[in-house]
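Colleague: So I've got this file, target-v5.txt, and it contains compact mmCIF, C-alpha atoms:
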```txt
# COMPACT_ATOMS: atom_id res chain seq x y z
CA MET A 283 -11.31 8.01 16.17
CA HIS A 284 -8.61 9.74 14.09
CA LEU A 285 -6.23 7.24 12.47
CA LYS A 286 -2.96 7.61 10.55
CA GLY A 287 -1.80 4.77 8.31
CA ALA A 288 0.72 3.52 5.78
CA LEU A 289 -0.52 1.22 3.02
CA HIS A 290 2.73 0.09 1.33
CA VAL A 291 5.65 -0.98 3.52
CA HIS A 292 8.47 -3.46 2.84
CA THR A 293 10.57 -5.41 5.35
CA THR A 294 13.45 -7.88 5.29
CA CYS A 295 10.82 -10.46 4.39
CA SER A 296 11.49 -9.26 0.82
CA ASP A 297 13.69 -6.32 -0.26
CA GLY A 298 13.24 -3.96 2.70
CA ARG A 299 16.12 -3.06 5.02
CA LEU A 300 14.22 -3.21 8.34
CA THR A 301 12.90 -6.35 10.02
CA PRO A 302 9.16 -6.46 10.68
CA ALA A 303 9.83 -5.61 14.35
CA GLU A 304 12.07 -2.64 13.44
CA THR A 305 9.51 -1.44 10.89
CA ILE A 306 6.71 -1.59 13.44
CA ARG A 307 8.79 0.33 16.01
CA VAL A 308 9.64 3.07 13.46
CA TYR A 309 6.03 3.65 12.41
CA GLU A 310 4.81 3.47 15.98
CA ALA A 311 7.36 6.14 16.99
CA MET A 312 6.10 8.31 14.12
CA GLY A 313 2.55 8.24 15.51
CA PHE A 314 1.01 5.82 13.02
CA ASP A 315 -2.03 3.79 14.03
CA PHE A 316 -1.88 1.13 11.31
CA ILE A 317 0.47 -0.15 8.63
CA ALA A 318 0.20 -2.63 5.79
CA LEU A 319 3.25 -4.82 5.35
CA THR A 320 3.29 -5.54 1.62
CA ASP A 321 6.39 -7.46 0.76
CA HIS A 322 6.99 -8.72 -2.79
CA ASP A 323 5.30 -11.99 -3.72
CA HIS A 324 8.35 -13.46 -5.47
CA LEU A 325 10.61 -12.80 -2.45
CA LEU A 326 8.19 -13.51 0.40
CA GLY A 327 8.82 -16.91 1.96
CA TRP A 328 6.28 -19.19 3.51
CA ASN A 329 5.33 -17.98 7.00
CA SER A 330 7.52 -14.87 6.60
CA TYR A 331 5.37 -12.79 8.93
CA HIS A 332 5.30 -15.37 11.75
CA GLU A 333 7.17 -13.10 14.17
CA ILE A 334 4.53 -10.36 13.98
CA GLU A 335 2.18 -12.22 16.31
CA SER A 336 4.77 -12.02 19.11
CA ILE A 337 5.58 -8.30 18.70
CA GLN A 338 4.13 -6.08 21.39
CA THR A 339 2.63 -3.09 19.59
CA GLY A 340 -0.27 -0.70 19.61
CA LEU A 341 -0.28 -0.64 15.79
CA LEU A 342 -2.95 -2.40 13.82
CA ILE A 343 -0.95 -4.54 11.38
CA PHE A 344 -2.22 -5.63 7.97
CA THR A 345 -0.15 -8.45 6.44
CA GLY A 346 -0.55 -7.96 2.73
CA ILE A 347 1.47 -8.76 -0.34
CA GLU A 348 2.73 -6.83 -3.35
CA LEU A 349 1.68 -8.94 -6.32
CA THR A 350 3.68 -8.94 -9.53
CA VAL A 351 1.09 -9.00 -12.30
CA PHE A 352 2.11 -9.49 -15.93
CA GLU A 353 0.24 -7.32 -18.42
CA LYS A 354 2.43 -6.27 -21.36
CA GLY A 355 5.29 -6.21 -18.90
CA TYR A 356 4.72 -6.24 -15.18
CA VAL A 357 2.91 -4.01 -12.74
CA HIS A 358 2.51 -4.23 -8.98
CA VAL A 359 -0.78 -4.54 -7.14
CA ASN A 360 -0.99 -4.53 -3.35
CA ARG A 361 -3.42 -7.06 -1.92
CA ILE A 362 -4.24 -6.04 1.66
CA PRO A 363 -6.60 -8.37 3.51
CA GLY A 364 -8.63 -7.24 6.48
CA ASP A 365 -10.66 -9.73 8.49
CA ARG A 366 -13.28 -10.20 5.75
CA GLU A 367 -12.57 -7.37 3.28
CA VAL A 368 -9.65 -7.21 0.83
CA LEU A 369 -8.21 -4.00 -0.62
CA HIS A 370 -6.40 -3.95 -3.99
CA ILE A 371 -4.20 -0.98 -4.91
CA PHE A 372 -2.49 -0.35 -8.26
CA ASN A 373 1.04 0.60 -7.21
CA HIS A 374 3.39 3.38 -8.33
CA PRO A 375 2.18 4.00 -11.90
CA ALA A 376 4.82 6.71 -12.41
CA GLU A 377 7.54 4.06 -12.17
CA LEU A 378 6.23 2.22 -15.23
CA GLY A 379 7.93 4.76 -17.51
CA LEU A 380 4.96 4.76 -19.89
CA PRO A 381 2.88 7.53 -21.45
CA PHE A 382 -0.27 8.31 -19.48
CA PHE A 383 -2.64 6.65 -22.00
CA LYS A 384 -0.68 3.38 -21.78
CA VAL A 385 -0.81 3.44 -17.97
CA VAL A 386 -4.58 3.90 -18.16
CA ALA A 387 -4.77 0.95 -20.58
CA ARG A 388 -2.79 -1.20 -18.14
CA ILE A 389 -5.07 -0.18 -15.28
CA GLN A 390 -8.14 -1.15 -17.34
CA ALA A 391 -6.59 -4.53 -18.22
CA ILE A 392 -5.68 -5.23 -14.58
CA LYS A 393 -9.22 -4.24 -13.48
CA ARG A 394 -10.53 -7.15 -15.58
CA ARG A 395 -8.37 -9.52 -13.52
CA TYR A 396 -8.37 -7.95 -10.03
CA PRO A 397 -10.99 -5.88 -8.21
CA LEU A 398 -8.89 -2.70 -8.05
CA ASP A 399 -10.07 -0.26 -5.40
CA ALA A 400 -7.37 2.40 -5.48
CA ILE A 401 -4.25 3.73 -7.17
CA GLU A 402 -1.13 5.19 -5.60
CA ILE A 403 -0.54 8.82 -6.46
CA THR A 404 2.99 8.70 -5.12
CA SER A 405 6.34 7.29 -6.12
CA LYS A 406 8.61 6.43 -3.20
CA GLY A 407 6.48 8.75 -1.07
CA PHE A 408 6.60 11.75 -3.40
CA LYS A 409 3.38 12.94 -5.03
CA THR A 410 2.88 12.18 -8.71
CA PRO A 411 0.01 14.56 -9.54
CA GLU A 412 -0.33 13.27 -13.11
CA TYR A 413 -2.17 10.24 -11.66
CA ASP A 414 -4.41 12.25 -9.31
CA VAL A 415 -6.86 12.93 -12.12
CA PRO A 416 -10.53 12.11 -12.79
CA GLU A 417 -9.60 10.11 -15.92
CA ILE A 418 -8.49 7.35 -13.55
CA ASP A 419 -11.67 6.11 -11.89
CA LEU A 420 -10.03 4.71 -8.75
CA VAL A 421 -9.64 6.11 -5.26
CA LYS A 422 -6.29 7.92 -4.99
CA VAL A 423 -4.00 7.01 -2.06
CA ALA A 424 -0.68 8.38 -0.82
CA THR A 425 1.88 5.79 0.27
CA ASP A 426 5.57 5.84 1.04
CA ASP A 427 6.49 2.41 -0.42
CA ALA A 428 9.12 2.29 2.32
CA HIS A 429 12.12 0.02 1.86
CA THR A 430 14.48 1.86 4.25
CA ARG A 431 14.24 3.90 7.46
CA LEU A 432 14.59 7.16 5.52
CA MET A 433 11.58 6.29 3.34
CA CYS A 434 9.25 5.64 6.29
CA GLY A 435 6.57 8.25 6.79
CA ARG A 436 6.99 10.26 3.58
CA ALA A 437 3.33 9.85 2.56
CA TRP A 438 0.32 8.39 4.36
CA ILE A 439 -3.43 8.57 4.79
CA GLU A 440 -5.47 9.86 7.72
CA MET A 441 -9.11 9.17 8.49
CA ASP A 442 -11.78 9.38 11.12
CA CYS A 443 -12.71 5.74 11.49
CA VAL A 444 -13.24 2.92 13.93
CA ARG A 445 -9.97 1.08 14.61
CA ASN A 446 -10.91 -2.07 12.74
CA ARG A 447 -9.27 -3.60 9.64
CA ASP A 448 -12.47 -4.02 7.66
CA ARG A 449 -13.78 -0.56 8.56
CA ILE A 450 -10.47 0.98 7.46
CA ILE A 451 -10.68 -0.83 4.11
CA GLN A 452 -14.29 0.28 3.69
CA ALA A 453 -13.34 3.90 4.45
CA ILE A 454 -10.54 3.76 1.86
CA ARG A 455 -12.87 2.33 -0.79
CA ALA A 456 -15.32 5.14 -0.04
CA GLY A 457 -12.56 7.76 -0.33
CA ASP A 458 -13.25 8.79 3.26
CA PHE A 459 -9.69 9.80 4.19
CA TRP A 460 -7.04 12.46 3.52
CA ASN A 461 -3.77 12.02 1.66
CA CYS A 462 -0.81 13.47 3.56
CA TYR A 463 2.80 14.20 2.65
CA VAL A 464 5.92 15.35 4.48
```
Can you turn what I pasted into structure tokens?

Modeller:
Amino acid sequence: MHLKGALHVHTTCSDGRLTPAETIRVYEAMGFDFIALTDHDHLLGWNSYHEIESIQTGLLIFTGIELTVFEKGYVHVNRIPGDREVLHIFNHPAELGLPFFKVVARIQAIKRRYPLDAIEITSKGFKTPEYDVPEIDLVKVATDDAHTRLMCGRAWIEMDCVRNRDRIIQAIRAGDFWNCYV
């Protein structure tokens, strides 16, 4: 089955402008098959995603979290749980404002603390090719990091995969997908 998905999406549960229901409707209308809601850990309240269970949708919804990790300053790491598997993505390295070698050093330090699987090669949905290089030994993913309606669907992944959370995570870890951009 061919699937289209977004791995980094914010809602009003943190600093996004769309409610979870509005976010789901937008991505569904854009032909997405799955999305990962990854609101910020320091803004996400207890039981913030409670309404998702009552939303009628054909989308497969991952309820993840964007972790704020302190390592000589802070970086963001998405933690996206499946049913048994968990995916960890180093987020938007281009937004750190650091030279490449310092970003690589931060990635290596974070890898000692979290089982990083992938790195975003986008910033707000726009490709940052300087991080799509072999020197970074992580799977490269395109995301839109959507906070508003206009940011939704700028970058995503597509794959031929069974429609199952754990199988999607396994396919991403294996690099068995395509990065796509508007």

Colleague: Within 12 Å of region 286-303 of chain A, which residues of region 369-423 of chain A come that close, and what is the closest atom pair and distance in Å for each? Count only C-alpha atoms and give it as a Markdown table.

Modeller:
```
| residue | atom | partner | partner_atom | distance |
| --- | --- | --- | --- | --- |
| A:Leu369 | CA | A:Leu289 | CA | 10.0 |
| A:His370 | CA | A:Leu289 | CA | 10.5 |
| A:Ile371 | CA | A:Leu289 | CA | 9.0 |
| A:Phe372 | CA | A:His290 | CA | 10.9 |
| A:Asn373 | CA | A:His290 | CA | 8.7 |
| A:His374 | CA | A:His290 | CA | 10.2 |
| A:Ala400 | CA | A:Leu289 | CA | 11.0 |
| A:Ile401 | CA | A:Leu289 | CA | 11.1 |
| A:Glu402 | CA | A:His290 | CA | 9.4 |
| A:Thr404 | CA | A:His290 | CA | 10.8 |
| A:Ser405 | CA | A:His290 | CA | 11.0 |
| A:Lys406 | CA | A:His290 | CA | 9.8 |
| A:Gly407 | CA | A:His290 | CA | 9.7 |
| A:Lys422 | CA | A:Leu289 | CA | 11.9 |
| A:Val423 | CA | A:Leu289 | CA | 8.5 |
```

Colleague: May I have the residues within 9 Å of region 449-458 of chain A as a ChimeraX atom specification, using all atoms listed in the file and disregarding those fewer than 6 positions away in the same chain?

Modeller: /A:362-364,367-369,399-400,420-423,441-443

Colleague: Keeping only C-alpha atoms, take the residues you just selected and write them out as a CSV table (one decimal), in the frame of the given file.

Modeller:
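Here's the written file selection_7.csv:
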```csv
chain,number,residue,atom,x,y,z
A,362,ILE,CA,-4.2,-6.0,1.7
A,363,PRO,CA,-6.6,-8.4,3.5
A,364,GLY,CA,-8.6,-7.2,6.5
A,367,GLU,CA,-12.6,-7.4,3.3
A,368,VAL,CA,-9.6,-7.2,0.8
A,369,LEU,CA,-8.2,-4.0,-0.6
A,399,ASP,CA,-10.1,-0.3,-5.4
A,400,ALA,CA,-7.4,2.4,-5.5
A,420,LEU,CA,-10.0,4.7,-8.8
A,421,VAL,CA,-9.6,6.1,-5.3
A,422,LYS,CA,-6.3,7.9,-5.0
A,423,VAL,CA,-4.0,7.0,-2.1
A,441,MET,CA,-9.1,9.2,8.5
A,442,ASP,CA,-11.8,9.4,11.1
A,443,CYS,CA,-12.7,5.7,11.5
```

Colleague: Provide the CA of Phe314 (chain A) to CA of Leu285 (chain A) distance in Å, to one decimal place.

Modeller: 7.4 Å

Colleague: Grab the CA of Arg447 (chain A) to CA of Asp365 (chain A) distance for me, in Å with one decimal place.

Modeller: 6.4 Å

Colleague: Taking all atoms of region 371-380 of chain A that the file lists and extending 3 Å past them on each side, where is the centre of the axis-aligned box and how long are its edges? Answer in Å to one decimal, as AutoDock Vina command-line options.

Modeller:
```
--center_x 1.9 --center_y 2.9 --center_z -12.4 --size_x 18.1 --size_y 13.7 --size_z 21.0
```

Colleague: Report the distance between CA of Asp414 (chain A) and CA of Pro381 (chain A) in Å, rounded to one decimal place.

Modeller: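 The value is 14.9 Å.
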
Colleague: From the set A:Glu353, A:Asp321, A:Asp427, A:Glu304, which residue has the shortest atom-to-atom contact distance to Arg394 (chain A), counting only C-alpha atoms?

Modeller: A:Glu353

Colleague: At a cut-off of 6 Å, can you tabulate as JSON lines every residue of region 368-438 of chain A near region 460-464 of chain A together with its closest atom pair and the distance in Å to one decimal, using only C-alpha atoms and ordering rows by chain then number?

Modeller:
```
{"residue": "A:Ala424", "atom": "CA", "partner": "A:Asn461", "partner_atom": "CA", "distance": 5.4}
{"residue": "A:Arg436", "atom": "CA", "partner": "A:Val464", "partner_atom": "CA", "distance": 5.3}
{"residue": "A:Ala437", "atom": "CA", "partner": "A:Tyr463", "partner_atom": "CA", "distance": 4.4}
{"residue": "A:Trp438", "atom": "CA", "partner": "A:Cys462", "partner_atom": "CA", "distance": 5.3}
```

Colleague: Next, write the just-selected residues to a file, as a short mmCIF file (atom, residue, chain, number, x, y, z; two decimals), keeping the file's coordinate frame, keeping C-alpha atoms as the atom set.

Modeller:
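Saved the output as again_34.cif:
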```cif
data_model
loop_
_atom_site.label_atom_id
_atom_site.label_comp_id
_atom_site.auth_asym_id
_atom_site.auth_seq_id
_atom_site.Cartn_x
_atom_site.Cartn_y
_atom_site.Cartn_z
CA ALA A 424 -0.68 8.38 -0.82
CA ARG A 436 6.99 10.26 3.58
CA ALA A 437 3.33 9.85 2.56
CA TRP A 438 0.32 8.39 4.36
#
```

Colleague: Which one of A:Arg395, A:Lys384, A:Arg431, A:Arg366 sits closest to Asn446 (chain A) if you count all atoms listed in the file?

Modeller: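 Checking each candidate against Asn446 (chain A), we get A:Arg366 as the closest.
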
Colleague: Taking (1.6, -5.5, 1.6) in the coordinates of the supplied file, I want to know which residues reach to within 6 Å of it, counting all atoms listed in the file; could you give the answer as a ChimeraX atom specification?

Modeller: /A:290,318-321,345-348,360,362

Colleague: Pick the closest to Ile392 (chain A) from A:Arg307, A:Lys354, A:His429, A:His322: which is it, counting only C-alpha atoms?

Modeller: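 Distance minimum relative to Ile392 (chain A) lands on A:Lys354.
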